[in-house]
$ cat data21.cif   # mmCIF, C-alpha atoms; chains and numbers go by the auth columns
data_input
loop_
_atom_site.group_PDB
_atom_site.id
_atom_site.type_symbol
_atom_site.label_atom_id
_atom_site.label_comp_id
_atom_site.label_asym_id
_atom_site.label_seq_id
_atom_site.Cartn_x
_atom_site.Cartn_y
_atom_site.Cartn_z
_atom_site.B_iso_or_equiv
_atom_site.auth_seq_id
_atom_site.auth_asym_id
ATOM 1 C CA MET A 1 0.904 -2.644 -16.114 0.00 1 A
ATOM 2 C CA ASP A 2 0.628 0.285 -18.510 0.00 2 A
ATOM 3 C CA PRO A 3 -2.434 2.424 -17.702 0.00 3 A
ATOM 4 C CA ALA A 4 -2.832 3.203 -21.416 0.00 4 A
ATOM 5 C CA HIS A 5 -3.998 -0.391 -21.950 0.00 5 A
ATOM 6 C CA ASN A 6 -2.668 -0.664 -25.511 0.00 6 A
ATOM 7 C CA GLN A 7 -3.312 -4.408 -25.495 0.00 7 A
ATOM 8 C CA ARG A 8 -6.983 -3.578 -25.986 0.00 8 A
ATOM 9 C CA ASP A 9 -6.108 -1.970 -29.320 0.00 9 A
ATOM 10 C CA ILE A 10 -3.698 -4.703 -30.370 0.00 10 A
ATOM 11 C CA PHE A 11 -6.046 -7.600 -29.616 0.00 11 A
ATOM 12 C CA GLU A 12 -9.288 -5.641 -30.175 0.00 12 A
ATOM 13 C CA GLN A 13 -10.820 -6.693 -26.864 0.00 13 A
ATOM 14 C CA ALA A 14 -10.951 -5.610 -23.253 0.00 14 A
ATOM 15 C CA PHE A 15 -8.936 -7.338 -20.536 0.00 15 A
ATOM 16 C CA SER A 16 -9.128 -7.594 -16.755 0.00 16 A
ATOM 17 C CA GLU A 17 -7.250 -8.981 -13.762 0.00 17 A
ATOM 18 C CA THR A 18 -8.185 -12.469 -14.934 0.00 18 A
ATOM 19 C CA PRO A 19 -5.803 -13.668 -17.669 0.00 19 A
ATOM 20 C CA THR A 20 -7.638 -13.989 -20.970 0.00 20 A
ATOM 21 C CA PRO A 21 -6.365 -16.409 -23.621 0.00 21 A
ATOM 22 C CA VAL A 22 -5.852 -14.562 -26.936 0.00 22 A
ATOM 23 C CA ARG A 23 -3.800 -17.136 -28.879 0.00 23 A
ATOM 24 C CA PRO A 24 -2.586 -20.649 -28.131 0.00 24 A
ATOM 25 C CA HIS A 25 -0.066 -20.364 -25.277 0.00 25 A
ATOM 26 C CA LEU A 26 -0.686 -16.605 -24.909 0.00 26 A
ATOM 27 C CA SER A 27 -2.871 -14.903 -22.312 0.00 27 A
ATOM 28 C CA VAL A 28 -3.200 -11.228 -21.475 0.00 28 A
ATOM 29 C CA LYS A 29 -3.896 -9.781 -18.046 0.00 29 A
ATOM 30 C CA GLU A 30 -4.571 -6.103 -17.439 0.00 30 A
ATOM 31 C CA VAL A 31 -3.526 -4.880 -14.005 0.00 31 A
ATOM 32 C CA ASP A 32 -6.316 -3.025 -12.225 0.00 32 A
ATOM 33 C CA VAL A 33 -4.325 -0.405 -10.295 0.00 33 A
ATOM 34 C CA ASP A 34 -7.382 0.682 -8.291 0.00 34 A
ATOM 35 C CA TYR A 35 -7.855 -2.910 -7.083 0.00 35 A
ATOM 36 C CA TRP A 36 -4.213 -3.163 -5.991 0.00 36 A
ATOM 37 C CA VAL A 37 -4.264 0.272 -4.321 0.00 37 A
ATOM 38 C CA ALA A 38 -7.379 -0.708 -2.348 0.00 38 A
ATOM 39 C CA SER A 39 -5.766 -4.027 -1.436 0.00 39 A
ATOM 40 C CA TYR A 40 -2.599 -2.299 -0.234 0.00 40 A
ATOM 41 C CA LEU A 41 -4.510 0.298 1.806 0.00 41 A
ATOM 42 C CA LYS A 42 -6.713 -2.348 3.412 0.00 42 A
ATOM 43 C CA ASP A 43 -3.701 -4.461 4.370 0.00 43 A
ATOM 44 C CA ALA A 44 -1.717 -1.463 5.644 0.00 44 A
ATOM 45 C CA GLU A 45 -4.627 -0.280 7.788 0.00 45 A
ATOM 46 C CA LYS A 46 -5.084 -3.808 9.165 0.00 46 A
ATOM 47 C CA GLN A 47 -1.401 -3.998 10.105 0.00 47 A
ATOM 48 C CA LEU A 48 -1.452 -0.565 11.739 0.00 48 A
ATOM 49 C CA LYS A 49 -4.595 -1.368 13.723 0.00 49 A
ATOM 50 C CA HIS A 50 -2.952 -4.555 14.943 0.00 50 A
ATOM 51 C CA ALA A 51 0.357 -2.866 15.794 0.00 51 A
ATOM 52 C CA TYR A 52 -1.345 0.017 17.608 0.00 52 A
ATOM 53 C CA ARG A 53 -4.391 -1.775 19.038 0.00 53 A
ATOM 54 C CA TYR A 54 -3.434 -0.534 22.510 0.00 54 A
ATOM 55 C CA GLN A 55 -3.855 3.036 21.178 0.00 55 A
ATOM 56 C CA THR A 56 -7.621 2.822 20.622 0.00 56 A
ATOM 57 C CA ALA A 57 -8.254 5.131 23.578 0.00 57 A
ATOM 58 C CA PHE A 58 -6.415 7.891 21.739 0.00 58 A
ATOM 59 C CA ASN A 59 -8.747 7.729 18.735 0.00 59 A
ATOM 60 C CA ILE A 60 -5.855 7.492 16.279 0.00 60 A
ATOM 61 C CA HIS A 61 -7.777 5.264 13.870 0.00 61 A
ATOM 62 C CA SER A 62 -8.916 8.420 12.092 0.00 62 A
ATOM 63 C CA THR A 63 -5.277 9.069 11.126 0.00 63 A
ATOM 64 C CA TYR A 64 -5.286 5.903 9.009 0.00 64 A
ATOM 65 C CA LYS A 65 -7.217 7.826 6.365 0.00 65 A
ATOM 66 C CA ILE A 66 -3.972 9.610 5.551 0.00 66 A
ATOM 67 C CA LEU A 67 -2.556 6.393 4.100 0.00 67 A
ATOM 68 C CA LYS A 68 -4.299 6.931 0.781 0.00 68 A
ATOM 69 C CA TYR A 69 -2.340 10.176 0.373 0.00 69 A
ATOM 70 C CA SER A 70 1.033 8.652 1.092 0.00 70 A
ATOM 71 C CA PRO A 71 3.487 9.054 -1.762 0.00 71 A
ATOM 72 C CA GLY A 72 4.121 6.043 -3.913 0.00 72 A
ATOM 73 C CA VAL A 73 0.811 4.272 -3.222 0.00 73 A
ATOM 74 C CA GLU A 74 0.167 3.541 -6.901 0.00 74 A
ATOM 75 C CA GLU A 75 3.763 2.475 -7.454 0.00 75 A
ATOM 76 C CA TYR A 76 3.648 0.197 -4.416 0.00 76 A
ATOM 77 C CA ALA A 77 0.360 -1.239 -5.653 0.00 77 A
ATOM 78 C CA LEU A 78 2.055 -1.992 -8.988 0.00 78 A
ATOM 79 C CA LEU A 79 4.863 -3.735 -7.086 0.00 79 A
ATOM 80 C CA LEU A 80 2.255 -5.903 -5.362 0.00 80 A
ATOM 81 C CA ALA A 81 0.677 -6.713 -8.722 0.00 81 A
ATOM 82 C CA PHE A 82 4.118 -7.424 -10.199 0.00 82 A
ATOM 83 C CA GLU A 83 4.939 -9.794 -7.333 0.00 83 A
ATOM 84 C CA HIS A 84 1.539 -11.483 -7.591 0.00 84 A
ATOM 85 C CA ILE A 85 1.925 -12.066 -11.310 0.00 85 A
ATOM 86 C CA LEU A 86 5.401 -13.532 -10.920 0.00 86 A
ATOM 87 C CA SER A 87 4.392 -15.791 -8.047 0.00 87 A
ATOM 88 C CA HIS A 88 1.405 -17.111 -10.021 0.00 88 A
ATOM 89 C CA SER A 89 3.297 -17.578 -13.291 0.00 89 A
ATOM 90 C CA GLN A 90 5.675 -20.353 -12.301 0.00 90 A
ATOM 91 C CA ASP A 91 4.144 -22.775 -14.804 0.00 91 A
ATOM 92 C CA MET A 92 4.685 -20.369 -17.724 0.00 92 A
ATOM 93 C CA ASP A 93 7.701 -20.318 -20.014 0.00 93 A
ATOM 94 C CA GLN A 94 7.790 -16.522 -20.290 0.00 94 A
ATOM 95 C CA VAL A 95 6.095 -13.522 -18.739 0.00 95 A
ATOM 96 C CA LEU A 96 6.158 -10.209 -20.578 0.00 96 A
ATOM 97 C CA PHE A 97 5.333 -6.933 -18.834 0.00 97 A
ATOM 98 C CA ASP A 98 4.083 -3.914 -20.758 0.00 98 A
ATOM 99 C CA MET A 99 5.296 -1.072 -18.546 0.00 99 A
ATOM 100 C CA PRO A 100 4.107 2.543 -18.596 0.00 100 A
ATOM 101 C CA PRO A 101 6.018 5.249 -20.466 0.00 101 A
ATOM 102 C CA THR A 102 9.363 6.398 -19.114 0.00 102 A
ATOM 103 C CA ALA A 103 8.125 8.960 -16.563 0.00 103 A
ATOM 104 C CA LEU A 104 5.769 6.499 -14.880 0.00 104 A
ATOM 105 C CA THR A 105 8.357 3.732 -14.940 0.00 105 A
ATOM 106 C CA LEU A 106 10.875 6.049 -13.287 0.00 106 A
ATOM 107 C CA ARG A 107 8.324 6.760 -10.526 0.00 107 A
ATOM 108 C CA PHE A 108 7.955 3.007 -10.128 0.00 108 A
ATOM 109 C CA PHE A 109 11.708 2.580 -9.626 0.00 109 A
ATOM 110 C CA TYR A 110 11.993 5.739 -7.472 0.00 110 A
ATOM 111 C CA LEU A 111 9.649 4.212 -4.914 0.00 111 A
ATOM 112 C CA PRO A 112 12.360 3.150 -2.409 0.00 112 A
ATOM 113 C CA CYS A 113 13.603 6.743 -2.064 0.00 113 A
ATOM 114 C CA VAL A 114 10.079 8.124 -1.709 0.00 114 A
ATOM 115 C CA THR A 115 9.349 5.442 0.876 0.00 115 A
ATOM 116 C CA LEU A 116 12.268 6.575 3.041 0.00 116 A
ATOM 117 C CA ILE A 117 10.985 10.146 2.993 0.00 117 A
ATOM 118 C CA TRP A 118 7.489 8.939 3.895 0.00 118 A
ATOM 119 C CA LEU A 119 8.848 6.854 6.771 0.00 119 A
ATOM 120 C CA GLN A 120 10.515 9.941 8.193 0.00 120 A
ATOM 121 C CA GLU A 121 7.118 11.663 8.208 0.00 121 A
ATOM 122 C CA LEU A 122 5.513 8.652 9.874 0.00 122 A
ATOM 123 C CA LEU A 123 8.147 8.763 12.580 0.00 123 A
ATOM 124 C CA LYS A 124 7.174 12.394 13.249 0.00 124 A
ATOM 125 C CA LEU A 125 3.534 11.285 13.558 0.00 125 A
ATOM 126 C CA ARG A 126 4.572 8.542 15.968 0.00 126 A
ATOM 127 C CA LYS A 127 6.366 11.097 18.158 0.00 127 A
ATOM 128 C CA GLN A 128 3.179 13.164 18.253 0.00 128 A
ATOM 129 C CA ILE A 129 1.206 10.104 19.342 0.00 129 A
ATOM 130 C CA TYR A 130 3.684 9.382 22.122 0.00 130 A
ATOM 131 C CA ALA A 131 3.520 13.012 23.260 0.00 131 A
ATOM 132 C CA LYS A 132 -0.277 12.701 23.580 0.00 132 A
ATOM 133 C CA LYS A 133 0.145 9.451 25.505 0.00 133 A
ATOM 134 C CA GLU A 134 2.464 11.238 27.907 0.00 134 A
ATOM 135 C CA ILE A 135 -0.167 13.914 28.564 0.00 135 A
ATOM 136 C CA VAL A 136 -2.913 11.342 29.110 0.00 136 A
ATOM 137 C CA SER A 137 -0.691 9.266 31.398 0.00 137 A
ATOM 138 C CA LYS A 138 -0.519 12.185 33.848 0.00 138 A
ATOM 139 C CA ILE A 139 -4.288 12.467 34.326 0.00 139 A
ATOM 140 C CA LYS A 140 -5.428 12.328 37.962 0.00 140 A
ATOM 141 C CA PHE A 141 -8.872 11.494 39.283 0.00 141 A
ATOM 142 C CA GLY A 142 -8.926 12.932 42.806 0.00 142 A
ATOM 143 C CA ASN A 143 -6.264 11.005 44.703 0.00 143 A
ATOM 144 C CA LEU A 144 -6.170 8.268 42.057 0.00 144 A
ATOM 145 C CA VAL A 145 -3.201 8.564 39.730 0.00 145 A
ATOM 146 C CA ILE A 146 -3.221 6.675 36.435 0.00 146 A
ATOM 147 C CA LYS A 147 0.208 5.147 36.109 0.00 147 A
ATOM 148 C CA LYS A 148 2.046 5.186 32.853 0.00 148 A
ATOM 149 C CA ALA A 149 1.991 1.803 31.148 0.00 149 A
ATOM 150 C CA GLN A 150 5.220 0.425 29.795 0.00 150 A
ATOM 151 C CA VAL A 151 4.771 -0.004 26.032 0.00 151 A
ATOM 152 C CA ASN A 152 7.564 -0.891 23.665 0.00 152 A
#
$ encode --input "data21.cif" --output "structure tokens"
Amino acid sequence: MDPAHNQRDIFEQAFSETPTPVRPHLSVKEVDVDYWVASYLKDAEKQLKHAYRYQTAFNIHSTYKILKYSPGVEEYALLLAFEHILSHSQDMDQVLFDMPPTALTLRFFYLPCVTLIWLQELLKLRKQIYAKKEIVSKIKFGNLVIKKAQVN
């Protein structure tokens, strides 16, 4: 999980997401952070589209692009990789993680606090969306009034 990839120097070979045997009973896997970031963003966008599918008329899908700038994306991606490795290592006696240097590891563990701050910003965005819905719900076409839909 260390972006410096020192295992390449130690074992004198490159590694990837697929565990590579290097000795009997020892395999090395190198976490591809870009893969896990893309996986996280794809899943998050899918969940948001599902949760807000009734909002398609408001063209909010363009706001999903902001997800890639949310704080803690890389750290969250590493958490996904960490969870994946643990859940697929049940048949192993030991799993050893090479973590990044102190500053990056602290960012990794600071993620819950950063997430709370980010959620506060998302709540502000949600209020803006609801304000736009309120404006649209008052549109009149001649004598026809579009009634406000009840959405929870």
$ closest_residue --input "data21.cif" --among "A:Trp36, A:Tyr52, A:Phe97, A:Phe82" --to "His5 (chain A)" --atoms "all atoms listed in the file"
A:Phe97
$ closest_residue --input "data21.cif" --among "A:Leu67, A:Met92, A:Ile139, A:Val73" --to "Leu122 (chain A)" --atoms "only C-alpha atoms"
A:Leu67
$ atom_distance --input "data21.cif" --atom1 "CA of Tyr76 (chain A)" --atom2 "CA of Pro3 (chain A)"
14.8 Å
$ resolve_selection --input "data21.cif" --expression "the PyMOL selection byres ((chain A and resi 16) around 12)" --output "NGL selection string"
:A and (1 or 5 or 7-8 or 13-15 or 17-21 or 27-35)
$ write_last_selection --input "data21.cif" --atoms "C-alpha atoms" --output "short mmCIF file (atom, residue, chain, number, x, y, z; two decimals), keeping the file's coordinate frame"
data_model
loop_
_atom_site.label_atom_id
_atom_site.label_comp_id
_atom_site.auth_asym_id
_atom_site.auth_seq_id
_atom_site.Cartn_x
_atom_site.Cartn_y
_atom_site.Cartn_z
CA MET A 1 0.90 -2.64 -16.11
CA HIS A 5 -4.00 -0.39 -21.95
CA GLN A 7 -3.31 -4.41 -25.50
CA ARG A 8 -6.98 -3.58 -25.99
CA GLN A 13 -10.82 -6.69 -26.86
CA ALA A 14 -10.95 -5.61 -23.25
CA PHE A 15 -8.94 -7.34 -20.54
CA GLU A 17 -7.25 -8.98 -13.76
CA THR A 18 -8.18 -12.47 -14.93
CA PRO A 19 -5.80 -13.67 -17.67
CA THR A 20 -7.64 -13.99 -20.97
CA PRO A 21 -6.36 -16.41 -23.62
CA SER A 27 -2.87 -14.90 -22.31
CA VAL A 28 -3.20 -11.23 -21.48
CA LYS A 29 -3.90 -9.78 -18.05
CA GLU A 30 -4.57 -6.10 -17.44
CA VAL A 31 -3.53 -4.88 -14.00
CA ASP A 32 -6.32 -3.02 -12.22
CA VAL A 33 -4.32 -0.40 -10.30
CA ASP A 34 -7.38 0.68 -8.29
CA TYR A 35 -7.86 -2.91 -7.08
#
$ closest_residue --input "data21.cif" --among "A:Ile129, A:Met99, A:Ile66, A:Leu80" --to "Glu45 (chain A)" --atoms "only C-alpha atoms"
A:Ile66
$ atom_distance --input "data21.cif" --atom1 "CA of Leu48 (chain A)" --atom2 "CA of Tyr64 (chain A)"
8.0 Å
$ atom_distance --input "data21.cif" --atom1 "CA of Glu75 (chain A)" --atom2 "CA of Arg107 (chain A)"
7.0 Å
$ residues_near_point --input "data21.cif" --point "(-2.8, -12.6, -30.7)" --cutoff "8 Å" --atoms "only C-alpha atoms" --output "number ranges by chain"
A: 10-11, 22-23, 26
$ closest_residue --input "data21.cif" --among "A:Ile85, A:Ile117, A:Ala38, A:Val95" --to "Pro71 (chain A)" --atoms "only C-alpha atoms"
A:Ile117
$ resolve_selection --input "data21.cif" --expression "the PyMOL selection byres ((chain A and resi 105) around 12)" --output "JSON, numbers by chain"
{"A": [1, 2, 3, 74, 75, 78, 79, 97, 98, 99, 100, 101, 102, 103, 104, 106, 107, 108, 109, 110, 111]}
$ write_last_selection --input "data21.cif" --atoms "C-alpha atoms" --output "PDB file, in the coordinates of the input"
ATOM      1  CA  MET A   1       0.904  -2.644 -16.114  1.00  0.00           C
ATOM      2  CA  ASP A   2       0.628   0.285 -18.510  1.00  0.00           C
ATOM      3  CA  PRO A   3      -2.434   2.424 -17.702  1.00  0.00           C
ATOM      4  CA  GLU A  74       0.167   3.541  -6.901  1.00  0.00           C
ATOM      5  CA  GLU A  75       3.763   2.475  -7.454  1.00  0.00           C
ATOM      6  CA  LEU A  78       2.055  -1.992  -8.988  1.00  0.00           C
ATOM      7  CA  LEU A  79       4.863  -3.735  -7.086  1.00  0.00           C
ATOM      8  CA  PHE A  97       5.333  -6.933 -18.834  1.00  0.00           C
ATOM      9  CA  ASP A  98       4.083  -3.914 -20.758  1.00  0.00           C
ATOM     10  CA  MET A  99       5.296  -1.072 -18.546  1.00  0.00           C
ATOM     11  CA  PRO A 100       4.107   2.543 -18.596  1.00  0.00           C
ATOM     12  CA  PRO A 101       6.018   5.249 -20.466  1.00  0.00           C
ATOM     13  CA  THR A 102       9.363   6.398 -19.114  1.00  0.00           C
ATOM     14  CA  ALA A 103       8.125   8.960 -16.563  1.00  0.00           C
ATOM     15  CA  LEU A 104       5.769   6.499 -14.880  1.00  0.00           C
ATOM     16  CA  LEU A 106      10.875   6.049 -13.287  1.00  0.00           C
ATOM     17  CA  ARG A 107       8.324   6.760 -10.526  1.00  0.00           C
ATOM     18  CA  PHE A 108       7.955   3.007 -10.128  1.00  0.00           C
ATOM     19  CA  PHE A 109      11.708   2.580  -9.626  1.00  0.00           C
ATOM     20  CA  TYR A 110      11.993   5.739  -7.472  1.00  0.00           C
ATOM     21  CA  LEU A 111       9.649   4.212  -4.914  1.00  0.00           C
TER      22      LEU A 111
END
$ axis_aligned_box --input "data21.cif" --around "region 95-114 of chain A" --padding-each-side "6 Å" --output "JSON"
{"center_x": 8.8, "center_y": -2.3, "center_z": -11.2, "size_x": 21.5, "size_y": 34.5, "size_z": 31.0}
$ build_atoms --input "data21.cif" --residues "region 33-51 of chain A" --atoms "N, CA and C atoms" --output "mmCIF file, keeping the file's coordinate frame"
data_model
loop_
_atom_site.group_PDB
_atom_site.id
_atom_site.type_symbol
_atom_site.label_atom_id
_atom_site.label_comp_id
_atom_site.auth_asym_id
_atom_site.auth_seq_id
_atom_site.Cartn_x
_atom_site.Cartn_y
_atom_site.Cartn_z
ATOM 1 N N VAL A 33 -5.068 -1.149 -11.314
ATOM 2 C CA VAL A 33 -4.325 -0.405 -10.295
ATOM 3 C C VAL A 33 -5.222 -0.053 -9.114
ATOM 4 N N ASP A 34 -6.462 0.328 -9.378
ATOM 5 C CA ASP A 34 -7.382 0.682 -8.291
ATOM 6 C C ASP A 34 -7.592 -0.503 -7.341
ATOM 7 N N TYR A 35 -7.703 -1.699 -7.901
ATOM 8 C CA TYR A 35 -7.855 -2.910 -7.083
ATOM 9 C C TYR A 35 -6.634 -3.095 -6.179
ATOM 10 N N TRP A 36 -5.439 -2.942 -6.757
ATOM 11 C CA TRP A 36 -4.213 -3.163 -5.991
ATOM 12 C C TRP A 36 -3.969 -2.049 -4.971
ATOM 13 N N VAL A 37 -4.363 -0.826 -5.294
ATOM 14 C CA VAL A 37 -4.264 0.272 -4.321
ATOM 15 C C VAL A 37 -5.182 -0.017 -3.139
ATOM 16 N N ALA A 38 -6.422 -0.399 -3.423
ATOM 17 C CA ALA A 38 -7.379 -0.708 -2.348
ATOM 18 C C ALA A 38 -6.877 -1.875 -1.508
ATOM 19 N N SER A 39 -6.308 -2.871 -2.144
ATOM 20 C CA SER A 39 -5.766 -4.027 -1.436
ATOM 21 C C SER A 39 -4.620 -3.615 -0.519
ATOM 22 N N TYR A 40 -3.731 -2.785 -1.030
ATOM 23 C CA TYR A 40 -2.599 -2.299 -0.234
ATOM 24 C C TYR A 40 -3.090 -1.494 0.963
ATOM 25 N N LEU A 41 -4.014 -0.554 0.727
ATOM 26 C CA LEU A 41 -4.510 0.298 1.806
ATOM 27 C C LEU A 41 -5.225 -0.520 2.881
ATOM 28 N N LYS A 42 -6.000 -1.495 2.458
ATOM 29 C CA LYS A 42 -6.713 -2.348 3.412
ATOM 30 C C LYS A 42 -5.719 -3.132 4.267
ATOM 31 N N ASP A 43 -4.703 -3.694 3.639
ATOM 32 C CA ASP A 43 -3.701 -4.461 4.370
ATOM 33 C C ASP A 43 -2.883 -3.564 5.305
ATOM 34 N N ALA A 44 -2.498 -2.390 4.819
ATOM 35 C CA ALA A 44 -1.717 -1.463 5.644
ATOM 36 C C ALA A 44 -2.517 -1.020 6.860
ATOM 37 N N GLU A 45 -3.785 -0.702 6.668
ATOM 38 C CA GLU A 45 -4.627 -0.280 7.788
ATOM 39 C C GLU A 45 -4.784 -1.424 8.794
ATOM 40 N N LYS A 46 -4.959 -2.635 8.291
ATOM 41 C CA LYS A 46 -5.084 -3.808 9.165
ATOM 42 C C LYS A 46 -3.817 -3.986 10.007
ATOM 43 N N GLN A 47 -2.666 -3.846 9.384
ATOM 44 C CA GLN A 47 -1.401 -3.998 10.105
ATOM 45 C C GLN A 47 -1.224 -2.894 11.150
ATOM 46 N N LEU A 48 -1.567 -1.672 10.794
ATOM 47 C CA LEU A 48 -1.452 -0.565 11.739
ATOM 48 C C LEU A 48 -2.408 -0.740 12.918
ATOM 49 N N LYS A 49 -3.624 -1.154 12.642
ATOM 50 C CA LYS A 49 -4.595 -1.368 13.723
ATOM 51 C C LYS A 49 -4.095 -2.451 14.667
ATOM 52 N N HIS A 50 -3.487 -3.482 14.110
ATOM 53 C CA HIS A 50 -2.952 -4.555 14.943
ATOM 54 C C HIS A 50 -1.762 -4.055 15.767
ATOM 55 N N ALA A 51 -0.850 -3.352 15.115
ATOM 56 C CA ALA A 51 0.357 -2.866 15.794
ATOM 57 C C ALA A 51 0.033 -1.846 16.879
#
